[in-house]
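Engineer: Supplied structure: target.txt, compact mmCIF, C-alpha atoms.
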```txt
# COMPACT_ATOMS: atom_id res chain seq x y z
CA MET A 171 -7.07 -13.96 -1.74
CA LYS A 172 -4.67 -15.64 -4.12
CA ILE A 173 -2.64 -12.49 -4.73
CA LEU A 174 -1.73 -12.38 -1.02
CA GLU A 175 -1.17 -16.13 -0.87
CA ASP A 176 1.32 -15.91 -3.73
CA ILE A 177 3.20 -13.00 -2.17
CA ILE A 178 3.58 -14.98 1.06
CA LYS A 179 4.69 -18.11 -0.85
CA SER A 180 7.39 -16.05 -2.56
CA LEU A 181 9.01 -15.01 0.74
CA LYS A 182 12.42 -16.63 1.05
CA ASP A 183 12.87 -16.53 4.81
CA ASP A 184 11.05 -16.29 8.10
CA ALA A 185 12.29 -14.24 11.05
CA PRO A 186 11.25 -13.59 14.65
CA VAL A 187 9.18 -10.48 15.26
CA LYS A 188 11.46 -8.14 17.18
CA GLU A 189 9.10 -5.22 17.62
CA VAL A 190 5.59 -4.05 16.79
CA ARG A 191 4.70 -0.38 16.80
CA LYS A 192 1.11 0.61 16.10
CA GLY A 193 0.71 4.34 15.68
CA ILE A 194 -2.35 6.37 14.78
CA PHE A 195 -1.49 6.36 11.07
CA TRP A 196 1.10 3.64 10.56
CA THR A 197 1.84 0.17 11.83
CA ALA A 198 5.47 -0.99 11.82
CA ILE A 199 6.78 -4.50 12.32
CA VAL A 200 10.47 -5.22 12.66
CA SER A 201 11.65 -8.71 11.75
CA LYS A 202 14.15 -9.22 8.92
CA HIS A 203 13.49 -5.60 7.93
CA CYS A 204 11.09 -2.91 9.12
CA GLY A 205 7.78 -3.21 7.28
CA LEU A 206 4.99 -0.63 7.23
CA ALA A 207 1.25 -0.72 6.61
CA SER A 208 -1.55 1.75 7.16
CA THR A 209 -3.10 1.45 10.61
CA MET A 210 -6.67 0.37 9.99
CA MET A 211 -9.29 0.05 12.69
CA TYR A 212 -12.99 -0.59 13.02
CA GLU A 213 -14.86 1.71 15.35
CA SER A 214 -15.50 -1.34 17.53
CA CYS A 215 -11.75 -1.53 18.24
CA PHE A 216 -12.17 1.46 20.54
CA GLN A 217 -14.99 -0.02 22.62
CA GLU A 218 -13.79 -1.27 25.98
CA ASN A 219 -16.37 -4.04 26.19
CA ASN A 220 -14.79 -5.66 23.12
CA ASP A 221 -11.41 -6.12 24.82
CA THR A 222 -10.11 -9.67 25.02
CA PRO A 223 -9.05 -10.88 28.51
CA ASN A 224 -5.33 -10.77 27.65
CA PRO A 225 -3.48 -8.39 25.35
CA PRO A 226 -1.96 -9.94 22.22
CA SER A 227 1.78 -10.64 22.26
CA PHE A 228 2.83 -10.41 18.64
CA THR A 229 6.55 -10.59 19.44
CA GLU A 230 6.05 -14.22 20.48
CA LYS A 231 5.33 -15.05 16.84
CA THR A 232 7.44 -15.20 13.72
CA ALA A 233 6.81 -12.76 10.91
CA LEU A 234 5.38 -15.51 8.67
CA GLU A 235 2.94 -16.49 11.40
CA LEU A 236 1.89 -12.87 11.80
CA ALA A 237 1.61 -12.49 8.01
CA GLN A 238 -1.37 -14.89 8.06
CA LEU A 239 -3.38 -12.12 9.71
CA VAL A 240 -3.54 -10.38 6.33
CA PHE A 241 -6.42 -12.73 5.44
CA SER A 242 -8.44 -11.68 8.50
CA ASN A 243 -11.82 -10.01 8.13
CA ASN A 244 -10.74 -7.87 11.08
CA ILE A 245 -9.16 -4.98 9.21
CA SER A 246 -6.97 -4.05 12.16
CA ASN A 247 -5.40 -7.52 12.12
CA ALA A 248 -5.11 -7.45 8.33
CA SER A 249 -2.97 -4.31 8.51
CA LEU A 250 -0.65 -6.08 10.95
CA GLY A 251 -0.42 -8.98 8.53
CA LEU A 252 0.58 -6.74 5.63
CA ALA A 253 3.23 -4.98 7.73
CA ALA A 254 4.61 -8.43 8.62
CA ILE A 255 4.81 -9.35 4.93
CA ASN A 256 6.62 -6.12 4.18
CA SER A 257 9.08 -6.81 6.99
CA LEU A 258 10.22 -9.99 5.21
CA LEU A 259 10.47 -8.68 1.66
CA ASP A 260 13.95 -8.19 0.23
CA ILE A 261 13.98 -5.17 -2.08
CA ASP A 262 15.94 -5.51 -5.30
CA GLU A 263 17.76 -2.18 -5.26
CA SER A 264 18.91 -2.64 -8.87
CA ARG A 265 15.29 -2.35 -10.05
CA CYS A 266 14.31 0.66 -7.94
CA PHE A 267 13.71 4.14 -9.27
CA ASP A 268 13.78 7.06 -6.86
CA ILE A 269 10.49 8.53 -8.05
CA ASN A 270 7.30 8.76 -6.03
CA ALA A 271 3.92 7.69 -7.32
CA GLY A 272 2.47 11.20 -7.42
CA GLU A 273 5.23 12.52 -9.65
CA LEU A 274 4.97 9.48 -11.90
CA LEU A 275 1.19 9.78 -12.25
CA ILE A 276 1.38 13.46 -13.10
CA ARG A 277 3.87 12.71 -15.87
CA LEU A 278 2.14 9.63 -17.26
CA GLY A 279 -1.40 10.97 -16.83
CA ALA A 280 -1.10 14.16 -18.88
CA GLY A 281 -4.01 14.27 -21.33
CA LYS A 282 -5.23 10.80 -20.30
CA ASN A 283 -8.26 9.31 -18.57
CA VAL A 284 -7.09 8.47 -15.05
CA SER A 285 -8.85 6.69 -12.21
CA VAL A 286 -7.50 6.77 -8.66
CA ILE A 287 -8.73 4.40 -5.98
CA GLY A 288 -8.26 6.30 -2.74
CA HIS A 289 -7.30 9.85 -1.76
CA PHE A 290 -3.75 11.09 -2.21
CA PRO A 291 -2.13 14.50 -1.61
CA PHE A 292 -1.29 14.94 -5.30
CA SER A 293 -4.94 14.65 -6.47
CA GLU A 294 -5.53 18.31 -7.33
CA GLU A 295 -2.24 18.66 -9.19
CA LEU A 296 -3.10 15.50 -11.12
CA ARG A 297 -6.56 16.86 -11.95
CA ARG A 298 -4.99 19.87 -13.70
CA VAL A 299 -3.10 17.75 -16.24
CA THR A 300 -5.46 14.85 -16.98
CA LYS A 301 -8.21 14.67 -19.58
CA ASN A 302 -10.49 13.16 -16.93
CA LEU A 303 -9.75 12.27 -13.34
CA TRP A 304 -12.09 9.94 -11.47
CA ILE A 305 -11.33 9.56 -7.76
CA ILE A 306 -13.22 6.60 -6.33
CA GLU A 307 -13.54 6.51 -2.56
CA LYS A 308 -15.43 4.95 0.33
CA ARG A 309 -15.40 8.23 2.27
CA LEU A 310 -16.50 10.78 -0.29
CA LYS A 311 -15.15 14.29 -0.59
CA PRO A 312 -16.48 16.89 -3.07
CA GLY A 313 -15.81 15.70 -6.61
CA ASP A 314 -15.29 12.05 -5.64
CA TYR A 315 -17.22 9.07 -6.98
CA PRO A 316 -18.66 6.24 -4.85
CA GLU A 317 -17.35 2.67 -5.07
CA LYS A 318 -20.27 1.55 -7.23
CA ASP A 319 -19.07 3.90 -10.00
CA ALA A 320 -15.87 1.88 -10.42
CA ASP A 321 -17.83 -0.30 -12.86
CA THR A 322 -18.34 2.78 -15.05
CA TYR A 323 -14.98 4.56 -14.90
CA LEU A 324 -12.29 1.89 -14.55
CA PRO A 325 -13.02 0.31 -17.96
CA ARG A 326 -12.67 3.78 -19.54
CA SER A 327 -9.33 4.54 -17.93
CA ASP A 328 -5.89 4.68 -19.54
CA ILE A 329 -4.12 4.78 -16.17
CA ILE A 330 -5.43 3.35 -12.89
CA ALA A 331 -3.78 4.11 -9.55
CA ILE A 332 -4.82 1.73 -6.78
CA SER A 333 -4.17 2.34 -3.11
CA SER A 334 -2.38 -0.57 -1.44
CA ILE A 335 -5.00 -0.36 1.31
CA THR A 336 -7.06 -2.48 -1.10
CA LEU A 337 -4.83 -5.40 -0.05
CA ILE A 338 -5.85 -4.83 3.57
CA ASN A 339 -9.58 -4.51 2.93
CA HIS A 340 -9.48 -7.32 0.32
CA THR A 341 -11.00 -5.31 -2.54
CA ILE A 342 -8.03 -5.42 -4.93
CA THR A 343 -9.17 -8.49 -6.90
CA ASN A 344 -12.53 -6.96 -7.82
CA ILE A 345 -10.81 -3.72 -8.81
CA LEU A 346 -8.28 -5.46 -11.06
CA ASN A 347 -11.08 -7.39 -12.75
CA LEU A 348 -12.57 -4.06 -13.88
CA CYS A 349 -9.32 -2.70 -15.31
CA PRO A 350 -8.85 -2.93 -19.09
CA GLU A 351 -5.83 -4.99 -20.13
CA ARG A 352 -4.39 -2.05 -22.09
CA SER A 353 -4.37 0.25 -19.05
CA ILE A 354 -1.31 1.05 -16.94
CA LYS A 355 -2.06 -0.11 -13.42
CA ILE A 356 -0.10 1.34 -10.50
CA LEU A 357 -0.27 0.01 -6.93
CA LEU A 358 0.86 2.75 -4.61
CA GLY A 359 1.19 3.90 -1.03
CA PRO A 360 3.54 3.10 1.87
CA SER A 361 1.70 -0.19 2.53
CA THR A 362 2.67 -1.50 -0.92
CA PRO A 363 4.56 -4.80 -0.87
CA MET A 364 7.59 -4.32 -3.13
CA SER A 365 7.05 -7.79 -4.58
CA THR A 366 7.35 -8.60 -8.28
CA VAL A 367 4.61 -11.22 -7.75
CA LEU A 368 2.20 -8.31 -8.23
CA PHE A 369 3.26 -8.09 -11.89
CA ASP A 370 1.75 -11.55 -12.46
CA TYR A 371 -1.64 -10.01 -11.64
CA GLY A 372 -1.52 -7.30 -14.31
CA ILE A 373 -0.01 -4.52 -12.21
CA ASN A 374 2.60 -2.57 -14.17
CA VAL A 375 4.12 -0.37 -11.47
CA ILE A 376 4.56 -0.78 -7.72
CA SER A 377 5.37 2.36 -5.80
CA GLY A 378 5.99 2.30 -2.08
CA CYS A 379 8.72 2.93 0.45
CA GLU A 380 11.74 1.40 2.14
CA VAL A 381 12.51 2.05 5.80
CA ILE A 382 16.19 3.03 5.97
CA ASP A 383 16.32 4.03 9.64
CA ASP A 384 14.30 1.61 11.79
CA LYS A 385 14.94 3.39 15.09
CA LYS A 386 13.86 6.78 13.81
CA ALA A 387 10.82 5.38 12.00
CA LEU A 388 9.61 3.56 15.12
CA LYS A 389 10.04 6.66 17.26
CA TYR A 390 7.96 8.91 15.04
CA ILE A 391 5.32 6.29 14.20
CA GLY A 392 4.81 5.74 17.93
CA GLU A 393 4.43 9.49 18.38
CA GLY A 394 1.65 9.66 15.78
CA ALA A 395 3.51 11.01 12.75
CA ASN A 396 1.63 10.98 9.45
CA PHE A 397 3.41 9.90 6.30
CA ARG A 398 4.52 13.35 5.20
CA GLN A 399 6.02 13.96 8.63
CA LEU A 400 7.67 10.55 8.60
CA LYS A 401 9.18 11.25 5.20
CA ARG A 402 10.69 14.53 6.46
CA THR A 403 12.57 12.66 9.20
CA GLY A 404 14.66 10.85 6.59
CA ALA A 405 13.66 7.46 8.00
CA ILE A 406 12.12 6.25 4.74
CA ARG A 407 12.92 6.28 1.04
CA LEU A 408 10.24 6.45 -1.66
CA ILE A 409 10.82 3.84 -4.36
CA THR A 410 9.18 2.60 -7.55
CA VAL A 411 9.65 -0.66 -9.45
CA THR A 412 8.22 -1.30 -12.92
CA LYS A 413 7.33 -4.52 -14.72
CA ASN A 414 9.03 -3.22 -17.85
CA ASP A 415 12.34 -1.55 -17.06
CA THR A 416 11.98 0.72 -20.12
CA MET A 417 8.63 2.13 -18.96
CA LEU A 418 10.16 5.14 -17.20
CA LYS A 419 12.52 6.11 -20.00
CA GLY A 420 11.78 9.71 -20.86
CA VAL A 421 9.51 10.14 -17.86
```
Mind converting the file's structure to structure tokens?
Structural biologist:
Amino acid sequence: MKILEDIIKSLKDDAPVKEVRKGIFWTAIVSKHCGLASTMMYESCFQENNDTPNPPSFTEKTALELAQLVFSNNISNASLGLAAINSLLDIDESRCFDINAGELLIRLGAGKNVSVIGHFPFSEELRRVTKNLWIIEKRLKPGDYPEKDADTYLPRSDIIAISSITLINHTITNILNLCPERSIKILLGPSTPMSTVLFDYGINVISGCEVIDDKKALKYIGEGANFRQLKRTGAIRLITVTKNDTMLKGV
């Protein structure tokens, strides 16, 4: 995937992997910084007969070496790779807005056709203000649309919110190809690489998080905290960066 290749090429430094913490919901890798990604697993990961003879030792690698796992067809390894990428990214604080993706979508999406790839806690609030809301998901809930319907609804959308899990499962390129050029495209979720390289691929807004207390984040991730719980600990900061710095004026 060229989008991932270009993000990795843009990284300025490598660093040793100091710690890996793989919780139920989140994977954290500490190298230059603490990077997060959603913990993704196949059902086969839980089958004892699939165990390799020796456990992996990720702390014997550098973060750039671990980042190569993002290209793996093993989705568990790919999530480790994305966390490694995020652990090396330097965030340009001067470009960050302290606004989360849900709040931004609710403001921008009022009266518009909005598609959301993936489930987010703000979905019902967003539904109340949009003209149309199309939630496209692999694991369907009432009111959702299956993946095949992306061909129908994405081209009709004014605003498209894309879960950063699409970088882990390698579906982002196909999704972006369906998005109209005029649409506002937002990549969101704690797995989001805060890399301006994404703007070269037509994404207008990247909305993710920054770990500001490594020790606290690792503790709660290891204890199985979900993202809302992790946010309440104060270990992370929600941040948004836009391609056009004037985009959020008046929002």
Engineer: Using all atoms listed in the file, which of A:Leu346, A:Leu239, A:Ile177, A:Ile332 sits nearest A:Gly272?
Structural biologist: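 Among A:Leu346, A:Leu239, A:Ile177, A:Ile332, it is A:Ile332 that comes nearest to A:Gly272.
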Engineer: Looking at all atoms listed in the file, which of A:Met171, A:Ile305, A:Leu181, A:Val381 is the one that sits closest to A:Lys401?
Structural biologist: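 Closest to A:Lys401 of all the choices is A:Val381.
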Engineer: Neighbouring residues of stretch 405-411 of chain A were defined as those with any atom within 6 Å, considering all atoms listed in the file; residues of the same chain fewer than 5 positions away were excluded. Please report them as a PyMOL selection string.
Structural biologist: chain A and resi 265-270+375-383+386-387
Engineer: Let me have the centre and edge lengths of the axis-aligned box enclosing all listed atoms of stretch 185-201 of chain A with 3 Å padding on every side, in Å to one decimal, as lines of an AutoDock Vina configuration file.
Structural biologist:
```
center_x = 5.0
center_y = -3.9
center_z = 14.1
size_x = 20.6
size_y = 26.6
size_z = 13.1
```
Engineer: For A:Asn247, which residue among A:Lys192, A:Arg402, A:Arg298, A:Lys172 is the nearest when counting only C-alpha atoms?
Structural biologist: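 Ranked by minimum distance to A:Asn247, first place goes to A:Lys192.
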Engineer: Distance cut-off 9 Å, centre (0.6, -4.8, 7.7) in file coordinates, counting only C-alpha atoms: which residues qualify? Return them as a PyMOL selection string.
Structural biologist: chain A and resi 196-199+205-209+237+239-240+246-257+338+361
Engineer: Can you measure atom CA of A:Thr300 to atom CA of A:Ala331 for me? One decimal in Å is fine.
Structural biologist: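 For atom CA of A:Thr300 relative to atom CA of A:Ala331, the distance reads 13.2 Å.
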Engineer: Measuring atom to atom with only C-alpha atoms, identify which of A:Cys204, A:Ile335, A:Ile287, A:Leu324 is nearest to A:Ile306.
Structural biologist: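 Checking each of A:Cys204, A:Ile335, A:Ile287, A:Leu324 against A:Ile306, counting only C-alpha atoms, the winner is A:Ile287.
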Engineer: Using all atoms listed in the file, which of A:Ser333, A:Ala320, A:Glu235, A:Leu275 sits nearest A:Leu357?
Structural biologist: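 Ranked by minimum distance to A:Leu357, first place goes to A:Ser333.
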Engineer: I want to know what sits within 8 Å of stretch 365-374 of chain A, based on only C-alpha atoms, with residues of the same chain fewer than 4 positions away left out; could you give that as a list in words?
Structural biologist: Ile173, Asp176, Ile177, Ser180, Leu259, Ile261, Leu346, Glu351, Ile354, Lys355, Ile356, Leu357, Thr412, Lys413 and Asn414 of chain A
Engineer: Just to confirm, what's the straight-line distance from atom CA of A:Pro363 to atom CA of A:Lys318 in Å (one decimal)?
Structural biologist: 26.4 Å
Engineer: Mind pulling up the distance from atom CA of A:Ala185 to atom CA of A:Thr232?
Structural biologist: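 Rounded to one decimal, the two atoms are 5.6 Å apart.
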Engineer: Excluding stretch 309-314 of chain A and residues on its chain fewer than 5 positions from it, collect all residues at most 12 Å away from it, counting only C-alpha atoms, and give them as a tab-separated table (two decimals) with C-alpha atoms, in the frame of the given file.
Structural biologist:
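out_5.tsv, freshly written:
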```
chain	number	residue	atom	x	y	z
A	285	SER	CA	-8.85	6.69	-12.21
A	286	VAL	CA	-7.50	6.77	-8.66
A	287	ILE	CA	-8.73	4.40	-5.98
A	288	GLY	CA	-8.26	6.30	-2.74
A	289	HIS	CA	-7.30	9.85	-1.76
A	290	PHE	CA	-3.75	11.09	-2.21
A	293	SER	CA	-4.94	14.65	-6.47
A	294	GLU	CA	-5.53	18.31	-7.33
A	297	ARG	CA	-6.56	16.86	-11.95
A	302	ASN	CA	-10.49	13.16	-16.93
A	303	LEU	CA	-9.75	12.27	-13.34
A	304	TRP	CA	-12.09	9.94	-11.47
A	319	ASP	CA	-19.07	3.90	-10.00
A	320	ALA	CA	-15.87	1.88	-10.42
A	323	TYR	CA	-14.98	4.56	-14.90
```
Engineer: Taking all atoms listed in the file into account, name the residue in A:Glu189, A:Glu175, A:Glu317, A:Asp384 that is nearest to A:Phe241.
Structural biologist: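 Nearest candidate to A:Phe241 out of A:Glu189, A:Glu175, A:Glu317, A:Asp384: A:Glu175.
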